[in-house]
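Enquirer: Here it is: the structure, laid out below.
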Amino acid sequence: MLFTTAPSTRNNMFVVVLSLLFASSLIMTITTTDAFTPVTPTQESTSTTLGMTTDYYKRAAKSTPRGGKPSTPSSKATPRNVLVTGAGGKTGRLVMQKLLSRGLDNYIPMGLVRTKESKEGLEKEGVPSCHITIADITDVNSLEQAMEGKDAVIICTSGTPAPTGEMNAEGRPIFGYPNGQPEQVDWLGQKNTIDAAKAKASSHTHVVVCSSMGGTDPDNMLNTLARNADGTGGNILLWKRKAEKYLIESGLTYTIVHPGGLIDEEGGRRELVVGVDDSQAGTESRVIPRADVAELLVASLEHDSYQNRSFDARSKPEDDTGSTITTDYNQLLVDLPGNTDYTLGKIPE
Ligand SMILES: NC(=O)c1ccc[n+]([C@@H]2O[C@H](COP(=O)([O-])OP(=O)(O)OC[C@H]3O[C@@H](n4cnc5c(N)ncnc54)[C@H](OP(=O)(O)O)[C@@H]3O)[C@@H](O)[C@H]2O)c1
């Protein structure tokens, strides 16, 4: 059924299904803590995920939000050179589209992708090839070349869990990380990115990270994916958290966004709810459209209130009658007291 209804390739659909599984895992894990209550993968996540095409990304990035355009500061005198890692991924490509749509007098984005195929995919979506570079964040040389002279980097790389095709004793699918284990991608790769930013980017570099909610709970189900009996492997949220702490201690200007479950819905149609430490205050919803996360990541470069902040982000349902669509991205963070407490959870040695 999946492969007969979708216009895109089997590979694309495979990635879509994996994303849904990942989101479901996050939601299911989150529900095991006191702070979260059960959510089933719902109409909003399933319907849109299965309907996703590359056109979705163009529309999501460029559409005018129902509540009006997000407030963005006017053009700066000099455009900022921004490296977007994981630009071929589902959130990274939206960030690219958003930066480009703000105009080259504001941003000169460079999308870092790992393969020629990812580069071609972005080109098909309208990203000019001069704004795409091929590099691997586990390869310091290629990363440093890509980072040269950048004013900011938005990190959208991640290990991506995928079913191996095998089942465990309880009949549940076993997951692996075919594109790299979290220790390699989410810790060492991000560490390389932060080090390269320090060494090769401009003196005022700002590092923005797309991370994940759930980091306060070492037993979060996402951590158990691809974890071996001896405790090695997997632990994606632990390795992400280690990289976040490393960034904060680097002295670079930072913004760390922890989204809830990512869904492929239009952006700019919901009230966003920000918080810290996996709090469930403000809405029972556990999800947020990738397009809204991309807007938050770009807003991080545009408002002082995002500097040196680490926070969670979810959204109220689109049809929530009492909500007000978020347009003032600056105020969102001005109104948020505090930052993520990194003494909670666990940081691997
Ligand atoms: N899915 C969810 O529900 C959910 C919820 C909360 C947070 N998050 C987090 O949100 C972030 C964005 O998620 P997403 O679903 O948009 O990500 P995604 O589509 O899985 O993209 C990840 C990207 O990272 C790239 N990458 C991996 N290893 C690399 C390497 N060594 N060098 C260069 N690039 C590399 C991948 O490239 P290849 O395509 O070449 O492998 C891919 O393009 C991730 O950190 C994710 O963990 C996800």
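Every chain in the structure tokens has a letter given in the order shown (A, B, ...), and although residue numbers restart at 1 in each chain, ligands are simply numbered from 1 in the order shown.
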Give as a PyMOL selection string the residues surrounding ligand 1 up to a distance of 7 Å, considering only C-alpha atoms and all ligand atoms.
Expert: chain A and resi 19-20+22-24+26+85-92+112-115+118+135-138+156-160+179-180+185+189+210-213+258-263
Enquirer: So which bits of range 286-338 of chain A end up helix (DSSP H, G or I) when you DSSP the backbone, as an NGL selection string?
Expert: :A and (290-299 or 304-306 or 329-334)
Enquirer: Please save C-alpha atoms of the selected residues as an mmCIF file, in the first residue's frame.
Expert:
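Result went into again-v3.cif, see below:
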```cif
data_model
loop_
_atom_site.group_PDB
_atom_site.id
_atom_site.type_symbol
_atom_site.label_atom_id
_atom_site.label_comp_id
_atom_site.auth_asym_id
_atom_site.auth_seq_id
_atom_site.Cartn_x
_atom_site.Cartn_y
_atom_site.Cartn_z
ATOM 1 C CA ARG A 290 9.487 20.196 11.300
ATOM 2 C CA ALA A 291 8.773 23.492 9.514
ATOM 3 C CA ASP A 292 8.184 25.225 12.860
ATOM 4 C CA VAL A 293 11.385 23.722 14.232
ATOM 5 C CA ALA A 294 13.226 25.050 11.163
ATOM 6 C CA GLU A 295 11.745 28.497 11.857
ATOM 7 C CA LEU A 296 12.965 28.309 15.472
ATOM 8 C CA LEU A 297 16.449 27.321 14.295
ATOM 9 C CA VAL A 298 16.628 30.301 11.927
ATOM 10 C CA ALA A 299 15.033 32.620 14.520
ATOM 11 C CA ASP A 304 19.224 38.082 21.066
ATOM 12 C CA SER A 305 16.746 36.229 23.300
ATOM 13 C CA TYR A 306 17.914 32.932 21.710
ATOM 14 C CA TYR A 329 9.514 34.370 17.813
ATOM 15 C CA ASN A 330 11.511 36.824 19.895
ATOM 16 C CA GLN A 331 8.846 37.115 22.589
ATOM 17 C CA LEU A 332 8.585 33.317 22.770
ATOM 18 C CA LEU A 333 12.075 33.141 24.296
ATOM 19 C CA VAL A 334 11.883 36.447 26.150
#
```
Enquirer: Out of A:Leu237, A:His206, A:Ala201, A:Arg102, which residue has the shortest atom-to-atom distance to Met221 in chain A when counting only C-alpha atoms?
Expert: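 The closest residue to Met221 in chain A is A:Leu237.
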Enquirer: Can you work out the spacing between CA of Leu100 in chain A and CA of Ile132 in chain A in Å, to one decimal?
Expert: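 Distance between the two atoms: 12.0 Å.
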Enquirer: For Ile174 in chain A, list every protein, DNA or RNA residue within 9 Å, evaluated using only C-alpha atoms, and leave out those in the same chain fewer than 6 positions away; present the list as a ChimeraX atom specification.
Expert: /A:162-168,225-226
